[in-house]
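Take a look at the structure set out below.
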Amino acid sequence: MPAGIITLLEIQKRNKERVNVHLDNEYAFSLDVMQAALLRKGQTLTEAEVTALQDDDAIGLAVNRAVRFLAYRPRSEQEIRRNLAGKDIPAAVIDAAVARLEGLGYLDDRAFALFWIENRSTFKPLSPRALRYELRQKGIAEAIISELLAEVDVQEAAYKAAQKRLQRLRGSDYATFRSKINTFLQSRGFTWDIIREVTEQLIEELENEDLEYFKNTSDEE
């Protein structure tokens, strides 16, 4: 972009957050309104200054896109990078945007991983193996994954997961109950030892607390 003298700073009609910059009476580029506020009519811009302004504006636009993406839920760094790359943003701009987001506190892979694990624990309890796979897919470092998964109570997670199936299995016989719970917990990545312990724990609790839960309480245990 050539150098020139600023002859007009004009707020865009369709986007009041953008300002068109005219150099030597010709449209040259646009900037965020906050950046443009630092310029003045009659100011001379060198080629290097124009390039720096455009580069910083591109980074700012990428950061704004990322913040909108983050508005739905926390994201990992890799998710942000993939999202911006999908919008054809250059790699150098993505790197700079990610660094700015980290500096602003928007990106923290450890905090994201903790959020993910806690969210799964509440709404969709999974085994550590399944959680590890998901976090790897999000680009979380192995050291962070291992640290956080070491705190997961595997049996408690399996128990919570199975609890979500109890209502629909009411009226089952013992064999059907075991089969359905086993298959469900296996799909969540739990090991057979954990599955067996949790299944028997649930049967014992249901027998003691809800005498009408099973179809035929005289069935073989």
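Ligands are numbered from 1 in the order shown, chains are lettered A, B, ... in the order of the structure tokens, and residues start at 1 in each chain.
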
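Omitting Trp116 (chain A) and its sequence neighbours fewer than 6 positions away, and counting only C-alpha atoms, the residues within 12 Å are Arg73, Pro74, Arg75, Ser76, Asp109, Arg110, Thr122, Phe123, Lys124, Pro125, Leu126, Leu131, Arg132, Glu134, Leu135, Arg136, Lys138, Ile140, Ile145, Leu148 and Leu149 of chain A.
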
Pick from A:Ala97, A:Leu31, A:Ile181, A:Ala37, whichever lies nearest to Gln167 (chain A) using only C-alpha atoms: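 The answer is A:Ile181, which sits nearest to Gln167 (chain A).
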
Among region 2-211 of chain A, which ones does DSSP assign to helix (DSSP H, G or I) (computed from the backbone)? Answer as a compact mmCIF listing (two decimals) with C-alpha atoms, in the first residue's frame.
```txt
# COMPACT_ATOMS: atom_id res chain seq x y z
CA VAL A 33 -13.12 3.23 14.54
CA MET A 34 -10.82 3.13 17.58
CA GLN A 35 -7.73 2.89 15.40
CA ALA A 36 -8.97 5.59 13.09
CA GLU A 47 4.27 2.92 3.46
CA ALA A 48 5.50 1.17 6.61
CA GLU A 49 2.89 2.97 8.73
CA VAL A 50 0.10 2.03 6.34
CA THR A 51 1.21 -1.60 6.41
CA ALA A 52 1.39 -1.58 10.21
CA LEU A 53 -2.11 -0.10 10.47
CA GLN A 54 -3.55 -2.70 8.13
CA ASP A 55 -1.75 -5.55 9.88
CA ASP A 56 -3.00 -4.42 13.27
CA ASP A 57 -6.50 -4.01 11.88
CA ALA A 58 -6.44 -7.55 10.47
CA ILE A 59 -5.41 -8.88 13.87
CA GLY A 60 -8.16 -6.87 15.54
CA LEU A 61 -10.76 -8.28 13.15
CA ALA A 62 -9.52 -11.82 13.85
CA VAL A 63 -9.70 -11.20 17.60
CA ASN A 64 -13.27 -9.91 17.27
CA ARG A 65 -14.26 -13.01 15.27
CA ALA A 66 -12.70 -15.22 17.91
CA VAL A 67 -14.47 -13.39 20.74
CA ARG A 68 -17.82 -13.93 19.00
CA PHE A 69 -16.93 -17.62 18.64
CA LEU A 70 -16.05 -17.72 22.34
CA GLU A 77 -6.59 -22.64 21.41
CA GLN A 78 -6.82 -25.25 18.66
CA GLU A 79 -10.56 -24.64 18.25
CA ILE A 80 -9.90 -20.92 17.82
CA ARG A 81 -7.15 -21.58 15.30
CA ARG A 82 -9.33 -23.94 13.28
CA ASN A 83 -12.23 -21.49 13.29
CA LEU A 84 -10.10 -18.58 12.07
CA ALA A 85 -8.32 -20.71 9.49
CA ALA A 91 -1.50 -17.98 9.63
CA ALA A 92 0.58 -15.02 10.80
CA VAL A 93 -2.57 -13.07 11.65
CA ILE A 94 -3.98 -16.09 13.53
CA ASP A 95 -0.76 -16.40 15.55
CA ALA A 96 -0.90 -12.73 16.51
CA ALA A 97 -4.62 -12.91 17.32
CA VAL A 98 -4.15 -15.97 19.53
CA ALA A 99 -1.31 -14.23 21.39
CA ARG A 100 -3.53 -11.19 21.94
CA LEU A 101 -6.42 -13.36 23.16
CA GLU A 102 -4.12 -15.13 25.60
CA GLY A 103 -2.88 -11.79 26.87
CA ASP A 109 -6.22 -24.43 27.67
CA ARG A 110 -6.02 -25.67 31.26
CA ALA A 111 -9.11 -23.68 32.26
CA PHE A 112 -10.87 -24.90 29.12
CA ALA A 113 -10.03 -28.54 29.87
CA LEU A 114 -11.31 -28.16 33.43
CA PHE A 115 -14.52 -26.61 32.10
CA TRP A 116 -14.92 -29.49 29.63
CA ILE A 117 -14.45 -32.17 32.29
CA GLU A 118 -16.85 -30.47 34.72
CA ASN A 119 -19.43 -29.93 31.99
CA ARG A 120 -19.26 -33.59 30.98
CA SER A 121 -19.53 -34.63 34.63
CA THR A 122 -22.76 -32.66 34.94
CA PHE A 123 -24.47 -33.41 31.66
CA PRO A 128 -11.29 -40.85 31.74
CA ARG A 129 -10.42 -42.71 28.54
CA ALA A 130 -13.29 -41.06 26.65
CA LEU A 131 -12.48 -37.67 28.17
CA ARG A 132 -8.84 -38.03 27.15
CA TYR A 133 -9.87 -38.71 23.57
CA GLU A 134 -12.15 -35.66 23.48
CA LEU A 135 -9.54 -33.36 24.99
CA ARG A 136 -6.90 -34.58 22.57
CA GLN A 137 -9.29 -33.72 19.74
CA GLU A 142 -1.09 -34.39 27.31
CA ALA A 143 0.41 -33.02 30.51
CA ILE A 144 -2.71 -30.93 31.20
CA ILE A 145 -5.01 -33.84 30.35
CA SER A 146 -3.19 -36.26 32.64
CA GLU A 147 -3.09 -33.75 35.50
CA LEU A 148 -6.82 -33.07 35.41
CA LEU A 149 -7.98 -36.62 34.73
CA VAL A 154 -14.04 -43.03 37.81
CA GLN A 155 -16.60 -45.01 39.80
CA GLU A 156 -18.54 -41.88 40.69
CA ALA A 157 -18.59 -40.85 37.02
CA ALA A 158 -19.93 -44.25 35.98
CA TYR A 159 -22.53 -44.15 38.75
CA LYS A 160 -23.73 -40.69 37.68
CA ALA A 161 -23.89 -41.80 34.06
CA ALA A 162 -25.94 -44.88 34.91
CA GLN A 163 -28.33 -42.82 37.04
CA GLN A 167 -36.05 -44.09 34.76
CA ARG A 168 -36.29 -45.64 31.32
CA LEU A 169 -35.28 -49.07 32.67
CA TYR A 174 -32.59 -58.21 36.26
CA ALA A 175 -31.04 -59.63 33.11
CA THR A 176 -32.33 -56.81 30.92
CA PHE A 177 -31.27 -54.20 33.47
CA ARG A 178 -27.73 -55.57 33.63
CA SER A 179 -27.47 -55.83 29.85
CA LYS A 180 -28.73 -52.30 29.20
CA ILE A 181 -26.61 -50.65 31.88
CA ASN A 182 -23.52 -52.60 30.84
CA THR A 183 -23.93 -51.65 27.19
CA PHE A 184 -24.58 -48.01 28.06
CA LEU A 185 -21.58 -47.66 30.36
CA GLN A 186 -19.37 -49.46 27.86
CA SER A 187 -20.39 -46.85 25.25
CA TRP A 192 -15.72 -53.90 32.78
CA ASP A 193 -14.55 -53.86 36.39
CA ILE A 194 -16.12 -50.45 36.98
CA ILE A 195 -19.24 -51.39 35.04
CA ARG A 196 -19.76 -54.54 37.08
CA GLU A 197 -19.26 -52.75 40.42
CA VAL A 198 -21.61 -49.90 39.52
CA THR A 199 -24.28 -52.21 38.12
CA GLU A 200 -24.36 -54.34 41.25
CA GLN A 201 -24.35 -51.21 43.43
CA LEU A 202 -27.39 -49.89 41.56
CA ILE A 203 -29.27 -53.19 41.81
CA GLU A 204 -28.65 -53.36 45.54
CA GLU A 205 -29.80 -49.78 46.06
CA LEU A 206 -32.91 -50.23 43.94
CA GLU A 207 -33.85 -53.44 45.73
CA ASN A 208 -33.61 -51.64 49.08
CA GLU A 209 -35.21 -48.35 48.09
```

Given only C-alpha atoms as the counted atoms, nearest of A:Lys13, A:Asn25, A:Phe190, A:Ile5 to Asp153 (chain A): A:Phe190

Minimum-distance residue to Arg18 (chain A), chosen among A:Gly42, A:Gly4, A:Asp32, A:Arg165 (using only C-alpha atoms):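 Among the listed residues, the smallest separation from Arg18 (chain A) belongs to A:Asp32.
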
Point-to-point distance from CA of Gly86 (chain A) to CA of Asp108 (chain A), Å rounded to tenths: 21.2 Å

Region 6-219 of chain A: residues DSSP assigns to strand (DSSP E), reported as an NGL selection string: :A and (6-11 or 18-23 or 26-32 or 44-45)

Output file for the residues above (N, CA and C atoms, as an mmCIF file, in the first residue's frame):
```
data_model
loop_
_atom_site.group_PDB
_atom_site.id
_atom_site.type_symbol
_atom_site.label_atom_id
_atom_site.label_comp_id
_atom_site.auth_asym_id
_atom_site.auth_seq_id
_atom_site.Cartn_x
_atom_site.Cartn_y
_atom_site.Cartn_z
ATOM 1 N N ILE A 6 -3.481 11.849 4.483
ATOM 2 C CA ILE A 6 -4.877 11.568 4.788
ATOM 3 C C ILE A 6 -5.724 12.777 4.388
ATOM 4 N N THR A 7 -6.627 12.545 3.461
ATOM 5 C CA THR A 7 -7.493 13.638 2.999
ATOM 6 C C THR A 7 -8.936 13.479 3.482
ATOM 7 N N LEU A 8 -9.292 12.280 3.940
ATOM 8 C CA LEU A 8 -10.654 12.075 4.437
ATOM 9 C C LEU A 8 -10.707 10.861 5.348
ATOM 10 N N LEU A 9 -11.399 11.012 6.464
ATOM 11 C CA LEU A 9 -11.708 9.906 7.378
ATOM 12 C C LEU A 9 -13.221 9.841 7.469
ATOM 13 N N GLU A 10 -13.802 8.776 6.917
ATOM 14 C CA GLU A 10 -15.244 8.711 6.751
ATOM 15 C C GLU A 10 -15.821 7.443 7.363
ATOM 16 N N ILE A 11 -16.740 7.607 8.318
ATOM 17 C CA ILE A 11 -17.395 6.448 8.930
ATOM 18 C C ILE A 11 -18.262 5.758 7.876
ATOM 19 N N ARG A 18 -16.526 1.006 11.496
ATOM 20 C CA ARG A 18 -15.431 1.035 10.525
ATOM 21 C C ARG A 18 -15.318 2.425 9.898
ATOM 22 N N VAL A 19 -14.090 2.813 9.624
ATOM 23 C CA VAL A 19 -13.814 4.127 9.033
ATOM 24 C C VAL A 19 -13.005 3.938 7.754
ATOM 25 N N ASN A 20 -13.457 4.556 6.681
ATOM 26 C CA ASN A 20 -12.724 4.534 5.417
ATOM 27 C C ASN A 20 -11.658 5.628 5.448
ATOM 28 N N VAL A 21 -10.437 5.230 5.105
ATOM 29 C CA VAL A 21 -9.315 6.171 5.085
ATOM 30 C C VAL A 21 -8.965 6.493 3.628
ATOM 31 N N HIS A 22 -8.970 7.780 3.289
ATOM 32 C CA HIS A 22 -8.618 8.224 1.948
ATOM 33 C C HIS A 22 -7.238 8.877 1.990
ATOM 34 N N LEU A 23 -6.380 8.450 1.096
ATOM 35 C CA LEU A 23 -5.060 9.060 0.951
ATOM 36 C C LEU A 23 -5.000 9.774 -0.390
ATOM 37 N N GLU A 26 -8.107 9.615 -2.527
ATOM 38 C CA GLU A 26 -8.588 8.325 -3.024
ATOM 39 C C GLU A 26 -8.735 7.352 -1.854
ATOM 40 N N TYR A 27 -9.786 6.512 -1.944
ATOM 41 C CA TYR A 27 -9.960 5.499 -0.891
ATOM 42 C C TYR A 27 -8.737 4.595 -0.863
ATOM 43 N N ALA A 28 -8.218 4.367 0.343
ATOM 44 C CA ALA A 28 -7.022 3.528 0.481
ATOM 45 C C ALA A 28 -7.298 2.241 1.252
ATOM 46 N N PHE A 29 -7.949 2.348 2.415
ATOM 47 C CA PHE A 29 -8.233 1.169 3.234
ATOM 48 C C PHE A 29 -9.222 1.574 4.327
ATOM 49 N N SER A 30 -9.668 0.598 5.105
ATOM 50 C CA SER A 30 -10.561 0.902 6.222
ATOM 51 C C SER A 30 -9.948 0.396 7.520
ATOM 52 N N LEU A 31 -10.374 1.011 8.613
ATOM 53 C CA LEU A 31 -9.861 0.657 9.930
ATOM 54 C C LEU A 31 -11.004 0.604 10.931
ATOM 55 N N ASP A 32 -10.744 -0.056 12.051
ATOM 56 C CA ASP A 32 -11.652 0.004 13.184
ATOM 57 C C ASP A 32 -11.733 1.453 13.668
ATOM 58 N N THR A 44 0.527 12.657 7.265
ATOM 59 C CA THR A 44 1.218 11.891 6.242
ATOM 60 C C THR A 44 1.543 10.499 6.784
ATOM 61 N N LEU A 45 1.190 9.483 6.023
ATOM 62 C CA LEU A 45 1.480 8.091 6.404
ATOM 63 C C LEU A 45 2.528 7.523 5.462
#
```

Straight-line distance linking CA of Thr191 (chain A) with CA of Asp210 (chain A), stated in Å to one decimal: 27.4 Å
